[in-house]
Amino acid sequence: MESPRTDAEPMAFTPSEFLRGALAAWLWAMAIPSVAWLIMFFPAGWIGTIIIIPMAFLATAAFALPAWLLGWALRAERRSWVHGSAFSTFGVLVGAAATALYFVWGNGDLALPTSAFAYGVNALCGAGAVFLGWRHAVRRALGVSPRRGKAPTAAVIDAATEDELAERLRLR
């Protein structure tokens, strides 16, 4: 499959690349809050996992389209810190929204005055999960670490792919 990335849209992505990032975000969204709640409320914190697993799935499903649209809107932005910041902020919103959904679903109200701690913890966990999902997708798609600076141009990626392919053919 040909890369969707061009010099004009260096961060364009394919549906499978997006799916890979969403799956990674979902796995992180189960792991990070589970560990956080377990540590904070040991030994009873494991009970939170029973709630976190279905909520992480629902949040991933509900926010997949907005995440796709965010990535699509940023496809021409070369600076990875902009993407990381945008997806982290998006993760804060996802974590807070999933917490609100849980409170509405669980007891019929948002429980804002009594649950600011839960909103804060889950918003931070959401930021981490969505950022790490994005980072995983970018690393796999571009074959580089998106730590600093700009994403490589399509020409650099194509040259590296050609070099790797030529090396593989030489080894046979």
# chains A, B, ... in the order shown; residues from 1 in each chain; ligands from 1
call {"tool": "residues_around", "arguments": {"residues": "range 55-57 of chain A", "least_positions_apart": "6", "cutoff": "12 Å", "atoms": "only C-alpha atoms", "output": "JSON, numbers by chain"}}
result
{"A": [22, 23, 24, 25, 26, 27, 28, 29, 30, 31, 32, 33, 34, 48, 49, 63, 64, 91, 94, 95, 96, 97, 98, 99, 100, 101, 102, 103, 105, 106, 122, 125, 126, 129, 130]}
call {"tool": "residues_around", "arguments": {"residues": "Gly71 in chain A", "least_positions_apart": "3", "cutoff": "10 Å", "atoms": "only C-alpha atoms", "output": "list in words"}}
result
Met11, Ala12, Phe13, Phe18, Leu65, Pro66, Ala67, Trp68, Leu74, Arg75, Ala76, Glu77, His83, Ala86, Phe87 and Trp134 of chain A
call {"tool": "atom_distance", "arguments": {"atom1": "CA of Gly84 in chain A", "atom2": "CA of Ala137 in chain A"}}
result
11.7 Å
call {"tool": "atom_distance", "arguments": {"atom1": "CA of Ala127 in chain A", "atom2": "CA of Phe90 in chain A"}}
result
7.0 Å
call {"tool": "closest_residue", "arguments": {"among": "A:Leu19, A:Ala123, A:Leu142, A:Asp7", "to": "Thr60 in chain A", "atoms": "only C-alpha atoms"}}
result
A:Leu19
call {"tool": "atom_distance", "arguments": {"atom1": "CA of Thr89 in chain A", "atom2": "CA of Leu70 in chain A"}}
result
11.1 Å
call {"tool": "select_by_dssp", "arguments": {"residues": "range 45-130 of chain A", "states": "helix (DSSP H, G or I)", "output": "CSV table (one decimal) with C-alpha atoms, in the first residue's frame"}}
result
chain,number,residue,atom,x,y,z
A,45,GLY,CA,-8.2,-0.8,43.9
A,46,TRP,CA,-8.4,-3.9,41.7
A,47,ILE,CA,-12.2,-3.5,41.8
A,48,GLY,CA,-11.8,-0.4,39.6
A,49,THR,CA,-10.6,-2.6,36.8
A,50,ILE,CA,-14.1,-4.1,36.5
A,51,ILE,CA,-15.3,-0.6,35.8
A,52,ILE,CA,-12.3,0.6,33.7
A,53,ILE,CA,-12.3,-2.2,31.1
A,54,PRO,CA,-15.8,-1.6,29.7
A,55,MET,CA,-15.5,2.2,30.1
A,56,ALA,CA,-12.2,2.2,28.2
A,57,PHE,CA,-13.9,0.3,25.4
A,58,LEU,CA,-16.9,2.6,25.3
A,59,ALA,CA,-14.7,5.7,25.4
A,60,THR,CA,-12.5,4.4,22.5
A,61,ALA,CA,-15.6,3.6,20.4
A,62,ALA,CA,-17.3,6.9,21.2
A,63,PHE,CA,-14.3,9.1,20.6
A,64,ALA,CA,-12.8,7.3,17.6
A,65,LEU,CA,-14.5,9.6,15.0
A,66,PRO,CA,-13.4,12.8,16.8
A,67,ALA,CA,-9.9,11.4,17.1
A,68,TRP,CA,-9.9,10.6,13.4
A,69,LEU,CA,-11.1,14.2,12.6
A,70,LEU,CA,-8.4,15.6,14.9
A,71,GLY,CA,-5.7,13.6,13.1
A,72,TRP,CA,-7.1,14.6,9.7
A,73,ALA,CA,-7.2,18.3,10.7
A,80,SER,CA,5.2,16.4,16.3
A,81,TRP,CA,4.9,18.4,19.5
A,82,VAL,CA,1.7,20.0,18.1
A,83,HIS,CA,0.2,16.6,17.5
A,84,GLY,CA,1.3,15.3,20.9
A,85,SER,CA,-0.2,18.3,22.6
A,86,ALA,CA,-3.4,18.1,20.7
A,87,PHE,CA,-3.9,14.4,21.4
A,88,SER,CA,-3.0,14.8,25.0
A,89,THR,CA,-5.6,17.6,25.4
A,90,PHE,CA,-8.1,15.4,23.6
A,91,GLY,CA,-7.3,12.6,26.0
A,92,VAL,CA,-8.0,14.9,29.0
A,93,LEU,CA,-11.5,15.5,27.5
A,94,VAL,CA,-12.0,11.8,26.8
A,95,GLY,CA,-11.0,10.9,30.4
A,96,ALA,CA,-13.3,13.5,31.9
A,97,ALA,CA,-16.2,12.5,29.5
A,98,ALA,CA,-15.8,8.8,30.3
A,99,THR,CA,-15.9,9.6,34.1
A,100,ALA,CA,-19.0,11.7,33.6
A,101,LEU,CA,-20.6,8.9,31.6
A,102,TYR,CA,-19.8,6.5,34.4
A,103,PHE,CA,-21.3,8.7,37.1
A,104,VAL,CA,-24.5,9.3,35.0
A,105,TRP,CA,-24.7,5.6,34.2
A,106,GLY,CA,-23.8,4.4,37.7
A,107,ASN,CA,-25.8,6.8,39.9
A,116,ALA,CA,-13.3,16.0,41.5
A,117,PHE,CA,-10.5,13.6,42.4
A,118,ALA,CA,-11.9,10.9,40.1
A,119,TYR,CA,-12.3,13.4,37.2
A,120,GLY,CA,-8.7,14.6,37.7
A,121,VAL,CA,-7.2,11.2,37.9
A,122,ASN,CA,-9.1,9.9,34.9
A,123,ALA,CA,-8.5,13.0,32.8
A,124,LEU,CA,-4.7,12.6,33.4
A,125,CYS,CA,-4.9,8.9,32.6
A,126,GLY,CA,-6.9,9.7,29.4
A,127,ALA,CA,-4.2,12.2,28.4
A,128,GLY,CA,-1.5,9.6,28.8
A,129,ALA,CA,-3.5,6.8,27.1
A,130,VAL,CA,-4.4,8.9,24.0
call {"tool": "closest_residue", "arguments": {"among": "A:Phe131, A:Ser115, A:Arg78, A:Arg139", "to": "Glu9 in chain A", "atoms": "only C-alpha atoms"}}
result
A:Arg78
